[in-house]
>>> print(open('query_2.cif').read())   # mmCIF, C-alpha atoms
data_final
loop_
_atom_site.group_PDB
_atom_site.id
_atom_site.type_symbol
_atom_site.label_atom_id
_atom_site.label_comp_id
_atom_site.auth_asym_id
_atom_site.auth_seq_id
_atom_site.Cartn_x
_atom_site.Cartn_y
_atom_site.Cartn_z
ATOM 1 C CA VAL A 1 0.982 -4.474 -9.018
ATOM 2 C CA PRO A 2 2.732 -6.561 -11.719
ATOM 3 C CA LEU A 3 6.412 -5.756 -12.156
ATOM 4 C CA PRO A 4 7.536 -4.361 -15.518
ATOM 5 C CA PRO A 5 8.717 -7.111 -17.890
ATOM 6 C CA SER A 6 12.391 -7.693 -18.524
ATOM 7 C CA PRO A 7 13.644 -6.363 -21.867
ATOM 8 C CA SER A 8 13.621 -8.790 -24.793
ATOM 9 C CA PRO A 9 15.564 -8.785 -28.097
ATOM 10 C CA GLU A 10 12.318 -8.283 -30.035
ATOM 11 C CA ARG A 11 11.673 -4.859 -28.549
ATOM 12 C CA GLY A 12 12.045 -1.765 -30.719
ATOM 13 C CA GLU A 13 14.500 1.020 -30.035
ATOM 14 C CA GLY A 14 11.775 3.254 -28.552
ATOM 15 C CA GLU A 15 10.750 0.547 -26.100
ATOM 16 C CA ARG A 16 14.352 -0.037 -25.046
ATOM 17 C CA VAL A 17 14.818 3.696 -24.420
ATOM 18 C CA GLY A 18 11.612 3.796 -22.351
ATOM 19 C CA ASP A 19 12.769 0.735 -20.435
ATOM 20 C CA ALA A 20 16.089 2.421 -19.617
ATOM 21 C CA LEU A 21 14.314 5.477 -18.221
ATOM 22 C CA TRP A 22 13.112 3.507 -15.190
ATOM 23 C CA ARG A 23 15.495 0.537 -15.055
ATOM 24 C CA GLY A 24 18.676 2.652 -14.907
ATOM 25 C CA PRO A 25 17.655 4.734 -11.872
ATOM 26 C CA LEU A 26 16.353 1.648 -10.043
ATOM 27 C CA ARG A 27 19.650 -0.128 -10.691
ATOM 28 C CA ARG A 28 21.653 2.840 -9.380
ATOM 29 C CA LEU A 29 19.459 3.131 -6.302
ATOM 30 C CA HIS A 30 20.059 -0.550 -5.613
ATOM 31 C CA GLN A 31 23.789 0.111 -5.808
ATOM 32 C CA TYR A 32 23.489 2.954 -3.298
ATOM 33 C CA LEU A 33 20.991 1.456 -0.848
ATOM 34 C CA ILE A 34 21.161 -2.350 -0.948
ATOM 35 C CA ALA A 35 24.454 -3.472 -2.489
ATOM 36 C CA PRO A 36 26.693 -2.074 0.317
ATOM 37 C CA ILE A 37 24.678 -3.970 2.946
ATOM 38 C CA GLU A 38 24.907 -7.198 0.962
ATOM 39 C CA GLU A 39 28.611 -6.734 0.304
ATOM 40 C CA ALA A 40 29.178 -6.339 4.061
ATOM 41 C CA GLY A 41 27.537 -9.747 4.571
ATOM 42 C CA LEU A 42 24.716 -8.372 6.688
ATOM 43 C CA LEU A 43 22.017 -9.999 4.548
ATOM 44 C CA ARG A 44 23.691 -13.390 4.206
ATOM 45 C CA GLY A 45 21.135 -16.117 4.935
ATOM 46 C CA LYS A 46 18.308 -13.586 5.243
ATOM 47 C CA THR A 47 15.072 -14.063 3.314
ATOM 48 C CA ARG A 48 12.953 -11.168 4.631
ATOM 49 C CA LEU A 49 13.602 -7.432 4.599
ATOM 50 C CA VAL A 50 11.607 -4.963 6.673
ATOM 51 C CA ILE A 51 12.368 -1.479 5.373
ATOM 52 C CA VAL A 52 11.595 1.689 7.321
ATOM 53 C CA PRO A 53 12.139 4.536 4.835
ATOM 54 C CA HIS A 54 12.886 8.119 5.790
ATOM 55 C CA ALA A 55 11.520 11.300 4.191
ATOM 56 C CA GLU A 56 11.618 11.114 0.374
ATOM 57 C CA LEU A 57 12.510 7.405 0.444
ATOM 58 C CA HIS A 58 8.864 6.732 1.291
ATOM 59 C CA TYR A 59 8.202 7.449 -2.397
ATOM 60 C CA LEU A 60 10.635 4.775 -3.583
ATOM 61 C CA PRO A 61 9.270 1.382 -4.799
ATOM 62 C CA PHE A 62 11.896 -0.687 -2.969
ATOM 63 C CA ALA A 63 10.512 -3.991 -4.264
ATOM 64 C CA ALA A 64 11.369 -2.933 -7.841
ATOM 65 C CA LEU A 65 15.046 -2.080 -7.217
ATOM 66 C CA VAL A 66 17.184 -3.951 -9.746
ATOM 67 C CA ASP A 67 20.490 -5.676 -8.931
ATOM 68 C CA GLY A 68 23.451 -6.194 -11.263
ATOM 69 C CA ASP A 69 21.925 -9.409 -12.619
ATOM 70 C CA GLY A 70 18.636 -7.728 -13.523
ATOM 71 C CA ARG A 71 16.674 -9.253 -10.615
ATOM 72 C CA TYR A 72 14.143 -7.243 -8.671
ATOM 73 C CA LEU A 73 14.612 -6.996 -4.920
ATOM 74 C CA VAL A 74 11.234 -8.664 -4.379
ATOM 75 C CA GLN A 75 12.440 -11.683 -6.368
ATOM 76 C CA ARG A 76 15.208 -12.261 -3.833
ATOM 77 C CA TYR A 77 13.590 -11.247 -0.553
ATOM 78 C CA ASP A 78 10.190 -11.049 1.081
ATOM 79 C CA VAL A 79 9.981 -7.241 1.215
ATOM 80 C CA ALA A 80 7.801 -5.363 3.704
ATOM 81 C CA LEU A 81 7.746 -1.669 4.601
ATOM 82 C CA ALA A 82 6.806 0.050 7.848
ATOM 83 C CA PRO A 83 5.929 3.741 8.115
ATOM 84 C CA SER A 84 8.130 4.136 11.197
ATOM 85 C CA ALA A 85 10.315 2.085 13.511
ATOM 86 C CA SER A 86 7.876 2.560 16.387
ATOM 87 C CA VAL A 87 5.003 1.174 14.295
ATOM 88 C CA TRP A 88 7.115 -1.860 13.363
ATOM 89 C CA LEU A 89 8.010 -2.484 17.021
ATOM 90 C CA ALA A 90 4.377 -2.101 18.036
ATOM 91 C CA LEU A 91 3.326 -4.654 15.421
ATOM 92 C CA GLY A 92 5.836 -7.131 16.821
ATOM 93 C CA GLU A 93 4.625 -6.633 20.387
ATOM 94 C CA ARG A 94 0.933 -6.857 19.513
ATOM 95 C CA ALA A 95 -0.763 -10.009 20.776
ATOM 96 C CA PRO A 96 -2.349 -12.038 17.942
ATOM 97 C CA GLU A 97 -6.040 -11.216 17.651
ATOM 98 C CA ARG A 98 -6.920 -12.373 14.177
ATOM 99 C CA ALA A 99 -10.504 -12.467 12.955
ATOM 100 C CA THR A 100 -11.892 -15.555 11.218
ATOM 101 C CA SER A 101 -15.178 -14.344 9.774
ATOM 102 C CA GLY A 102 -14.103 -13.861 6.187
ATOM 103 C CA VAL A 103 -13.735 -11.106 3.654
ATOM 104 C CA LEU A 104 -15.448 -7.719 3.279
ATOM 105 C CA ALA A 105 -15.203 -5.868 -0.064
ATOM 106 C CA PHE A 106 -16.464 -2.343 -0.725
ATOM 107 C CA ALA A 107 -16.901 -0.521 -4.060
ATOM 108 C CA PRO A 108 -18.882 2.676 -3.384
ATOM 109 C CA ARG A 109 -18.095 4.570 -6.615
ATOM 110 C CA THR A 110 -19.096 2.028 -9.260
ATOM 111 C CA GLU A 111 -20.458 4.657 -11.680
ATOM 112 C CA ALA A 112 -17.248 6.689 -11.676
ATOM 113 C CA LEU A 113 -15.033 3.596 -11.335
ATOM 114 C CA PRO A 114 -16.905 0.893 -13.285
ATOM 115 C CA ALA A 115 -14.104 -1.673 -13.014
ATOM 116 C CA SER A 116 -14.292 -1.540 -9.221
ATOM 117 C CA ARG A 117 -17.630 -3.385 -9.430
ATOM 118 C CA ARG A 118 -15.999 -6.125 -11.507
ATOM 119 C CA GLY A 119 -13.064 -6.324 -9.098
ATOM 120 C CA VAL A 120 -15.113 -6.815 -5.950
ATOM 121 C CA ALA A 121 -17.478 -9.212 -7.765
ATOM 122 C CA MET A 122 -14.514 -11.420 -8.574
ATOM 123 C CA ILE A 123 -13.348 -11.229 -4.960
ATOM 124 C CA GLY A 124 -16.821 -12.301 -3.889
ATOM 125 C CA HIS A 125 -16.787 -15.184 -6.383
ATOM 126 C CA LEU A 126 -13.351 -16.416 -5.301
ATOM 127 C CA THR A 127 -13.665 -15.975 -1.543
ATOM 128 C CA GLY A 128 -17.363 -15.840 -0.702
ATOM 129 C CA ALA A 129 -16.829 -12.269 0.506
ATOM 130 C CA GLU A 130 -19.608 -9.989 1.608
ATOM 131 C CA VAL A 131 -19.654 -7.391 -1.182
ATOM 132 C CA LEU A 132 -21.235 -3.952 -0.843
ATOM 133 C CA THR A 133 -21.381 -1.596 -3.825
ATOM 134 C CA GLY A 134 -22.752 1.840 -4.628
ATOM 135 C CA SER A 135 -24.922 3.508 -2.017
ATOM 136 C CA ALA A 136 -24.871 0.363 0.163
ATOM 137 C CA ALA A 137 -21.099 0.677 0.681
ATOM 138 C CA THR A 138 -21.436 3.300 3.385
ATOM 139 C CA GLU A 139 -18.909 4.440 5.933
ATOM 140 C CA ALA A 140 -21.331 3.369 8.662
ATOM 141 C CA ALA A 141 -21.555 -0.149 7.207
ATOM 142 C CA PHE A 142 -17.769 -0.376 7.117
ATOM 143 C CA ARG A 143 -17.430 0.761 10.713
ATOM 144 C CA ASN A 144 -19.970 -1.865 11.807
ATOM 145 C CA ALA A 145 -18.629 -4.828 9.833
ATOM 146 C CA ALA A 146 -14.878 -4.235 9.550
ATOM 147 C CA PRO A 147 -13.748 -5.060 13.119
ATOM 148 C CA ALA A 148 -14.695 -8.737 12.778
ATOM 149 C CA ARG A 149 -13.323 -9.408 9.288
ATOM 150 C CA ARG A 150 -10.093 -11.163 8.340
ATOM 151 C CA VAL A 151 -9.627 -9.329 5.013
ATOM 152 C CA LEU A 152 -10.846 -5.845 4.095
ATOM 153 C CA HIS A 153 -10.799 -4.659 0.466
ATOM 154 C CA LEU A 154 -11.682 -1.069 -0.432
ATOM 155 C CA ALA A 155 -11.944 -0.320 -4.164
ATOM 156 C CA THR A 156 -12.576 3.403 -4.363
ATOM 157 C CA TYR A 157 -10.982 6.854 -4.495
ATOM 158 C CA GLY A 158 -8.128 7.762 -2.188
ATOM 159 C CA VAL A 159 -7.167 11.355 -1.390
ATOM 160 C CA LEU A 160 -3.886 12.451 0.210
ATOM 161 C CA ASN A 161 -3.968 15.610 2.320
ATOM 162 C CA LYS A 162 -0.312 16.661 2.447
ATOM 163 C CA GLN A 163 -1.015 19.738 4.558
ATOM 164 C CA ASN A 164 -2.835 17.727 7.217
ATOM 165 C CA PRO A 165 -2.230 13.990 6.660
ATOM 166 C CA LEU A 166 -4.633 12.971 9.415
ATOM 167 C CA PHE A 167 -7.387 14.097 7.033
ATOM 168 C CA SER A 168 -6.292 11.919 4.111
ATOM 169 C CA PHE A 169 -9.168 9.583 3.311
ATOM 170 C CA VAL A 170 -10.654 6.765 1.304
ATOM 171 C CA GLU A 171 -14.074 7.578 -0.096
ATOM 172 C CA LEU A 172 -17.062 5.459 0.930
ATOM 173 C CA ALA A 173 -20.762 6.206 0.510
ATOM 174 C CA PRO A 174 -22.378 8.684 2.923
ATOM 175 C CA GLY A 175 -25.238 7.614 5.130
ATOM 176 C CA GLY A 176 -26.740 8.389 8.502
ATOM 177 C CA ASP A 177 -24.456 10.801 10.339
ATOM 178 C CA GLN A 178 -21.362 9.746 8.309
ATOM 179 C CA ASP A 179 -20.072 11.864 5.408
ATOM 180 C CA GLY A 180 -18.495 8.905 3.575
ATOM 181 C CA ARG A 181 -14.924 10.122 4.020
ATOM 182 C CA LEU A 182 -13.065 7.520 6.070
ATOM 183 C CA GLU A 183 -10.240 9.775 7.226
ATOM 184 C CA ALA A 184 -6.927 8.696 8.679
ATOM 185 C CA HIS A 185 -7.660 10.163 12.125
ATOM 186 C CA GLU A 186 -10.913 8.164 12.182
ATOM 187 C CA VAL A 187 -9.135 4.945 11.192
ATOM 188 C CA PHE A 188 -6.763 5.387 14.140
ATOM 189 C CA GLY A 189 -9.840 5.114 16.360
ATOM 190 C CA LEU A 190 -11.063 1.808 14.885
ATOM 191 C CA HIS A 191 -10.389 -1.580 16.472
ATOM 192 C CA LEU A 192 -9.517 -4.001 13.668
ATOM 193 C CA SER A 193 -8.269 -7.576 13.732
ATOM 194 C CA ALA A 194 -7.697 -8.072 10.015
ATOM 195 C CA ASP A 195 -4.805 -10.051 8.598
ATOM 196 C CA LEU A 196 -4.936 -7.894 5.469
ATOM 197 C CA VAL A 197 -6.328 -4.537 4.368
ATOM 198 C CA VAL A 198 -6.220 -3.767 0.629
ATOM 199 C CA LEU A 199 -6.514 -0.067 -0.182
ATOM 200 C CA SER A 200 -7.289 -0.327 -3.883
ATOM 201 C CA ALA A 201 -7.288 3.421 -4.481
ATOM 202 C CA CYS A 202 -4.874 6.046 -5.774
ATOM 203 C CA GLN A 203 -1.791 6.960 -3.738
ATOM 204 C CA THR A 204 -2.911 5.231 -0.551
ATOM 205 C CA GLY A 205 0.717 4.375 0.211
ATOM 206 C CA LEU A 206 1.649 8.059 0.364
ATOM 207 C CA ALA A 207 1.623 10.129 3.505
ATOM 208 C CA SER A 208 3.083 13.332 4.875
ATOM 209 C CA GLY A 209 5.317 14.412 7.697
ATOM 210 C CA ALA A 210 5.756 18.120 7.081
ATOM 211 C CA LEU A 211 3.752 19.455 10.007
ATOM 212 C CA ALA A 212 5.444 20.531 13.213
ATOM 213 C CA ASP A 213 2.986 18.569 15.372
ATOM 214 C CA VAL A 214 4.251 15.250 14.001
ATOM 215 C CA PRO A 215 6.920 13.893 16.416
ATOM 216 C CA PRO A 216 10.501 14.056 15.056
ATOM 217 C CA GLY A 217 11.780 10.671 13.941
ATOM 218 C CA ASP A 218 8.251 9.308 13.735
ATOM 219 C CA ASP A 219 7.066 11.638 11.061
ATOM 220 C CA TRP A 220 5.158 9.780 8.351
ATOM 221 C CA VAL A 221 1.397 9.803 8.850
ATOM 222 C CA GLY A 222 -1.133 8.455 6.369
ATOM 223 C CA LEU A 223 -3.669 5.729 5.686
ATOM 224 C CA THR A 224 -1.206 2.838 5.810
ATOM 225 C CA ARG A 225 0.012 3.800 9.248
ATOM 226 C CA ALA A 226 -3.560 4.439 10.409
ATOM 227 C CA PHE A 227 -4.773 0.949 9.432
ATOM 228 C CA LEU A 228 -1.706 -0.726 10.958
ATOM 229 C CA SER A 229 -2.208 1.217 14.181
ATOM 230 C CA ALA A 230 -5.902 0.267 14.202
ATOM 231 C CA GLY A 231 -4.969 -3.430 14.323
ATOM 232 C CA ALA A 232 -4.360 -4.621 10.748
ATOM 233 C CA ALA A 233 -1.415 -6.985 10.373
ATOM 234 C CA HIS A 234 -0.681 -6.048 6.746
ATOM 235 C CA VAL A 235 -1.744 -3.287 4.364
ATOM 236 C CA VAL A 236 -1.485 -3.314 0.563
ATOM 237 C CA ALA A 237 -1.344 0.212 -0.842
ATOM 238 C CA THR A 238 -0.004 2.078 -3.855
ATOM 239 C CA LEU A 239 2.360 5.005 -4.393
ATOM 240 C CA TRP A 240 0.736 6.101 -7.654
ATOM 241 C CA PRO A 241 -2.518 7.119 -9.312
ATOM 242 C CA VAL A 242 -3.968 3.857 -10.621
ATOM 243 C CA ASP A 243 -6.482 3.192 -13.412
ATOM 244 C CA ASP A 244 -9.515 1.266 -12.134
ATOM 245 C CA TRP A 245 -9.411 -1.317 -14.970
ATOM 246 C CA ALA A 246 -5.722 -2.101 -14.405
ATOM 247 C CA THR A 247 -6.368 -2.304 -10.670
ATOM 248 C CA ALA A 248 -9.242 -4.748 -11.142
ATOM 249 C CA ALA A 249 -7.085 -6.941 -13.360
#
>>> encode(input="query_2.cif", output="structure tokens")
Amino acid sequence: VPLPPSPSPERGEGERVGDALWRGPLRRLHQYLIAPIEEAGLLRGKTRLVIVPHAELHYLPFAALVDGDGRYLVQRYDVALAPSASVWLALGERAPERATSGVLAFAPRTEALPASRRGVAMIGHLTGAEVLTGSAATEAAFRNAAPARRVLHLATYGVLNKQNPLFSFVELAPGGDQDGRLEAHEVFGLHLSADLVVLSACQTGLASGALADVPPGDDWVGLTRAFLSAGAAHVVATLWPVDDWATAA
């Protein structure tokens, strides 16, 4: 997602006020969360940050935190997030098992999300990806093809189930004995070897940890964690509802 532009002298007063509404809080959060660590010298010489948020901090776009010089955190560090410390440790201990058979792109809801067709078509043009759209982009087809692919791109709807996060899902097309809802608990059971999974759908970076059956200290369950646990090395997801045309761009 492109970062918001820096303010310019040509902007009107209304634009500057709107800019301050997000820039001020992100600057203060940087002062609270990042500046003390830097001032203690703990990040000296470091180029990569792996952040494991807790509770409400999972909703914070860390990459967009703004320092005193107006620079975003992602401009100064390679920023990655992990849903829990145990997931991050497991990723580090996992033996490399990367697939080499290319890219798979799905856009099952092209009528409701017309720009998703354009997005996956461009991916196919640029990478030679196998592209499945509409009724061909079934959950069964994904289950069959995904384990051998290096990059997986899903341009569709995403639904967060806060009451039972294991049933959060990305929507694919139904077919055979599959209902088209690729739910988090089902993703945990997949065996993937992808370098990258792109969840181009609303709020796929959100999760939930409110239920008592989620272990204390390891309490954030959602699609990102499910795909990482299934074998993906990296997941791109979003915290927000996203317009399909902006996403395609």
>>> residues_around(input="query_2.cif", residues="Arg150 in chain A", least_positions_apart="6", cutoff="12 Å", atoms="only C-alpha atoms", output="ChimeraX atom specification")
/A:97-105,127,129-130,192-198,231-234
>>> residues_near_point(input="query_2.cif", point="(-13.5, -8.1, -12.7)", cutoff="10 Å", atoms="all atoms listed in the file", output="JSON, numbers by chain")
{"A": [114, 115, 116, 117, 118, 119, 120, 121, 122, 123, 245, 246, 247, 248, 249]}
>>> residues_around(input="query_2.cif", residues="Thr204 in chain A", least_positions_apart="5", cutoff="10 Å", atoms="only C-alpha atoms", output="MDAnalysis selection string")
chainID A and resid 157:160 168:170 198:199 222:224 235:241
>>> atom_distance(input="query_2.cif", atom1="CA of His58 in chain A", atom2="CA of Lys162 in chain A")
13.6 Å
>>> atom_distance(input="query_2.cif", atom1="CA of Thr47 in chain A", atom2="CA of Val79 in chain A")
8.8 Å
>>> resolve_selection(input="query_2.cif", expression="the PyMOL selection byres ((chain A and resi 164) around 10)", output="ChimeraX atom specification")
/A:160-163,165-168,207-211,221-222
>>> closest_residue(input="query_2.cif", among="A:Glu39, A:Glu111, A:Asp67, A:Asp244", to="Arg23 in chain A", atoms="only C-alpha atoms")
A:Asp67
>>> atom_distance(input="query_2.cif", atom1="CA of Arg181 in chain A", atom2="CA of Thr138 in chain A")
9.5 Å
>>> resolve_selection(input="query_2.cif", expression="the PyMOL selection byres ((chain A and resi 189) around 10)", output="list in words")
Ala184, His185, Glu186, Val187, Phe188, Leu190, His191, Leu192, Ala226, Phe227, Ser229 and Ala230 of chain A
>>> residues_around(input="query_2.cif", residues="Arg109 in chain A", least_positions_apart="3", cutoff="8 Å", atoms="only C-alpha atoms", output="PyMOL selection string")
chain A and resi 112-114+116+133-134+156-157+172-173
>>> closest_residue(input="query_2.cif", among="A:Val66, A:Leu126, A:Ala155, A:Ala82", to="His30 in chain A", atoms="all atoms listed in the file")
A:Val66
>>> closest_residue(input="query_2.cif", among="A:Ala137, A:Ala64, A:Leu154, A:Leu206", to="Gln178 in chain A", atoms="all atoms listed in the file")
A:Ala137
>>> closest_residue(input="query_2.cif", among="A:Gly70, A:Gly92, A:Gly205, A:Pro83", to="Arg225 in chain A", atoms="all atoms listed in the file")
A:Pro83
>>> residues_near_point(input="query_2.cif", point="(21.1, 3.2, -2.1)", cutoff="12 Å", atoms="all atoms listed in the file", output="compact mmCIF listing (two decimals) with C-alpha atoms, in the frame of the given file")
# COMPACT_ATOMS: atom_id res chain seq x y z
CA PRO A 25 17.66 4.73 -11.87
CA LEU A 26 16.35 1.65 -10.04
CA ARG A 27 19.65 -0.13 -10.69
CA ARG A 28 21.65 2.84 -9.38
CA LEU A 29 19.46 3.13 -6.30
CA HIS A 30 20.06 -0.55 -5.61
CA GLN A 31 23.79 0.11 -5.81
CA TYR A 32 23.49 2.95 -3.30
CA LEU A 33 20.99 1.46 -0.85
CA ILE A 34 21.16 -2.35 -0.95
CA ALA A 35 24.45 -3.47 -2.49
CA PRO A 36 26.69 -2.07 0.32
CA ILE A 37 24.68 -3.97 2.95
CA GLU A 38 24.91 -7.20 0.96
CA PRO A 53 12.14 4.54 4.84
CA LEU A 57 12.51 7.40 0.44
CA LEU A 60 10.64 4.78 -3.58
CA PHE A 62 11.90 -0.69 -2.97
CA LEU A 65 15.05 -2.08 -7.22
CA VAL A 66 17.18 -3.95 -9.75
CA ASP A 67 20.49 -5.68 -8.93
>>> closest_residue(input="query_2.cif", among="A:Gly124, A:Gly175, A:Gly41, A:Gly180", to="His153 in chain A", atoms="only C-alpha atoms")
A:Gly124
>>> closest_residue(input="query_2.cif", among="A:Leu182, A:Val242, A:Val50, A:Val151", to="Ala80 in chain A", atoms="all atoms listed in the file")
A:Val50
>>> decode(input="query_2.cif", residues="range 72-102 of chain A", atoms="N, CA and C atoms", output="PDB file, in the first residue's frame")
ATOM      1  N   TYR A  72       9.273   7.857   7.543  1.00  0.00           N
ATOM      2  CA  TYR A  72       8.532   6.682   7.971  1.00  0.00           C
ATOM      3  C   TYR A  72       9.502   5.607   8.446  1.00  0.00           C
ATOM      4  N   LEU A  73       9.024   4.776   9.365  1.00  0.00           N
ATOM      5  CA  LEU A  73       9.876   3.701   9.884  1.00  0.00           C
ATOM      6  C   LEU A  73      10.349   2.788   8.762  1.00  0.00           C
ATOM      7  N   VAL A  74       9.475   2.531   7.776  1.00  0.00           N
ATOM      8  CA  VAL A  74       9.834   1.625   6.695  1.00  0.00           C
ATOM      9  C   VAL A  74      10.882   2.236   5.757  1.00  0.00           C
ATOM     10  N   GLN A  75      11.087   3.541   5.833  1.00  0.00           N
ATOM     11  CA  GLN A  75      12.143   4.169   5.045  1.00  0.00           C
ATOM     12  C   GLN A  75      13.514   3.970   5.691  1.00  0.00           C
ATOM     13  N   ARG A  76      13.529   3.615   6.947  1.00  0.00           N
ATOM     14  CA  ARG A  76      14.803   3.471   7.664  1.00  0.00           C
ATOM     15  C   ARG A  76      15.151   2.024   7.996  1.00  0.00           C
ATOM     16  N   TYR A  77      14.148   1.168   8.014  1.00  0.00           N
ATOM     17  CA  TYR A  77      14.380  -0.239   8.345  1.00  0.00           C
ATOM     18  C   TYR A  77      13.547  -1.120   7.425  1.00  0.00           C
ATOM     19  N   ASP A  78      14.020  -2.346   7.238  1.00  0.00           N
ATOM     20  CA  ASP A  78      13.203  -3.399   6.643  1.00  0.00           C
ATOM     21  C   ASP A  78      12.301  -3.905   7.764  1.00  0.00           C
ATOM     22  N   VAL A  79      11.000  -3.621   7.670  1.00  0.00           N
ATOM     23  CA  VAL A  79      10.068  -3.904   8.759  1.00  0.00           C
ATOM     24  C   VAL A  79       9.244  -5.147   8.440  1.00  0.00           C
ATOM     25  N   ALA A  80       9.251  -6.110   9.349  1.00  0.00           N
ATOM     26  CA  ALA A  80       8.404  -7.292   9.237  1.00  0.00           C
ATOM     27  C   ALA A  80       7.671  -7.482  10.554  1.00  0.00           C
ATOM     28  N   LEU A  81       6.481  -8.075  10.489  1.00  0.00           N
ATOM     29  CA  LEU A  81       5.703  -8.361  11.689  1.00  0.00           C
ATOM     30  C   LEU A  81       5.440  -9.851  11.780  1.00  0.00           C
ATOM     31  N   ALA A  82       5.390 -10.359  13.015  1.00  0.00           N
ATOM     32  CA  ALA A  82       5.016 -11.746  13.254  1.00  0.00           C
ATOM     33  C   ALA A  82       3.840 -11.765  14.213  1.00  0.00           C
ATOM     34  N   PRO A  83       2.888 -12.672  14.008  1.00  0.00           N
ATOM     35  CA  PRO A  83       1.710 -12.701  14.874  1.00  0.00           C
ATOM     36  C   PRO A  83       2.003 -13.128  16.299  1.00  0.00           C
ATOM     37  N   SER A  84       3.110 -13.846  16.506  1.00  0.00           N
ATOM     38  CA  SER A  84       3.509 -14.230  17.861  1.00  0.00           C
ATOM     39  C   SER A  84       4.983 -14.576  17.850  1.00  0.00           C
ATOM     40  N   ALA A  85       5.592 -14.577  19.024  1.00  0.00           N
ATOM     41  CA  ALA A  85       7.010 -14.930  19.121  1.00  0.00           C
ATOM     42  C   ALA A  85       7.242 -16.383  18.724  1.00  0.00           C
ATOM     43  N   SER A  86       6.312 -17.262  19.081  1.00  0.00           N
ATOM     44  CA  SER A  86       6.498 -18.677  18.744  1.00  0.00           C
ATOM     45  C   SER A  86       6.448 -18.894  17.238  1.00  0.00           C
ATOM     46  N   VAL A  87       5.576 -18.155  16.540  1.00  0.00           N
ATOM     47  CA  VAL A  87       5.536 -18.265  15.076  1.00  0.00           C
ATOM     48  C   VAL A  87       6.852 -17.783  14.486  1.00  0.00           C
ATOM     49  N   TRP A  88       7.380 -16.675  14.989  1.00  0.00           N
ATOM     50  CA  TRP A  88       8.653 -16.156  14.471  1.00  0.00           C
ATOM     51  C   TRP A  88       9.781 -17.157  14.696  1.00  0.00           C
ATOM     52  N   LEU A  89       9.836 -17.772  15.877  1.00  0.00           N
ATOM     53  CA  LEU A  89      10.869 -18.774  16.148  1.00  0.00           C
ATOM     54  C   LEU A  89      10.697 -19.985  15.236  1.00  0.00           C
ATOM     55  N   ALA A  90       9.458 -20.390  15.020  1.00  0.00           N
ATOM     56  CA  ALA A  90       9.214 -21.539  14.149  1.00  0.00           C
ATOM     57  C   ALA A  90       9.645 -21.250  12.724  1.00  0.00           C
ATOM     58  N   LEU A  91       9.434 -20.020  12.257  1.00  0.00           N
ATOM     59  CA  LEU A  91       9.867 -19.656  10.911  1.00  0.00           C
ATOM     60  C   LEU A  91      11.382 -19.740  10.786  1.00  0.00           C
ATOM     61  N   GLY A  92      12.085 -19.326  11.839  1.00  0.00           N
ATOM     62  CA  GLY A  92      13.544 -19.376  11.807  1.00  0.00           C
ATOM     63  C   GLY A  92      14.088 -20.789  11.833  1.00  0.00           C
ATOM     64  N   GLU A  93      13.367 -21.696  12.468  1.00  0.00           N
ATOM     65  CA  GLU A  93      13.831 -23.083  12.588  1.00  0.00           C
ATOM     66  C   GLU A  93      13.416 -23.946  11.405  1.00  0.00           C
ATOM     67  N   ARG A  94      12.506 -23.425  10.578  1.00  0.00           N
ATOM     68  CA  ARG A  94      11.974 -24.219   9.474  1.00  0.00           C
ATOM     69  C   ARG A  94      13.038 -24.418   8.397  1.00  0.00           C
ATOM     70  N   ALA A  95      13.224 -25.655   7.977  1.00  0.00           N
ATOM     71  CA  ALA A  95      14.178 -25.936   6.904  1.00  0.00           C
ATOM     72  C   ALA A  95      13.649 -25.365   5.595  1.00  0.00           C
ATOM     73  N   PRO A  96      14.536 -24.750   4.781  1.00  0.00           N
ATOM     74  CA  PRO A  96      14.077 -24.181   3.502  1.00  0.00           C
ATOM     75  C   PRO A  96      13.446 -25.259   2.621  1.00  0.00           C
ATOM     76  N   GLU A  97      12.280 -24.966   2.097  1.00  0.00           N
ATOM     77  CA  GLU A  97      11.579 -25.893   1.219  1.00  0.00           C
ATOM     78  C   GLU A  97      10.795 -25.063   0.216  1.00  0.00           C
ATOM     79  N   ARG A  98      11.520 -24.258  -0.532  1.00  0.00           N
ATOM     80  CA  ARG A  98      10.878 -23.292  -1.412  1.00  0.00           C
ATOM     81  C   ARG A  98      10.503 -23.926  -2.749  1.00  0.00           C
ATOM     82  N   ALA A  99       9.325 -23.596  -3.214  1.00  0.00           N
ATOM     83  CA  ALA A  99       8.844 -24.085  -4.508  1.00  0.00           C
ATOM     84  C   ALA A  99       9.448 -23.244  -5.640  1.00  0.00           C
ATOM     85  N   THR A 100       9.494 -23.799  -6.833  1.00  0.00           N
ATOM     86  CA  THR A 100      10.082 -23.085  -7.965  1.00  0.00           C
ATOM     87  C   THR A 100       9.166 -23.063  -9.174  1.00  0.00           C
ATOM     88  N   SER A 101       7.903 -23.457  -8.993  1.00  0.00           N
ATOM     89  CA  SER A 101       7.051 -23.634 -10.171  1.00  0.00           C
ATOM     90  C   SER A 101       6.169 -22.434 -10.465  1.00  0.00           C
ATOM     91  N   GLY A 102       6.561 -21.248 -10.013  1.00  0.00           N
ATOM     92  CA  GLY A 102       5.898 -20.053 -10.488  1.00  0.00           C
ATOM     93  C   GLY A 102       4.791 -19.516  -9.614  1.00  0.00           C
TER      94      GLY A 102
END
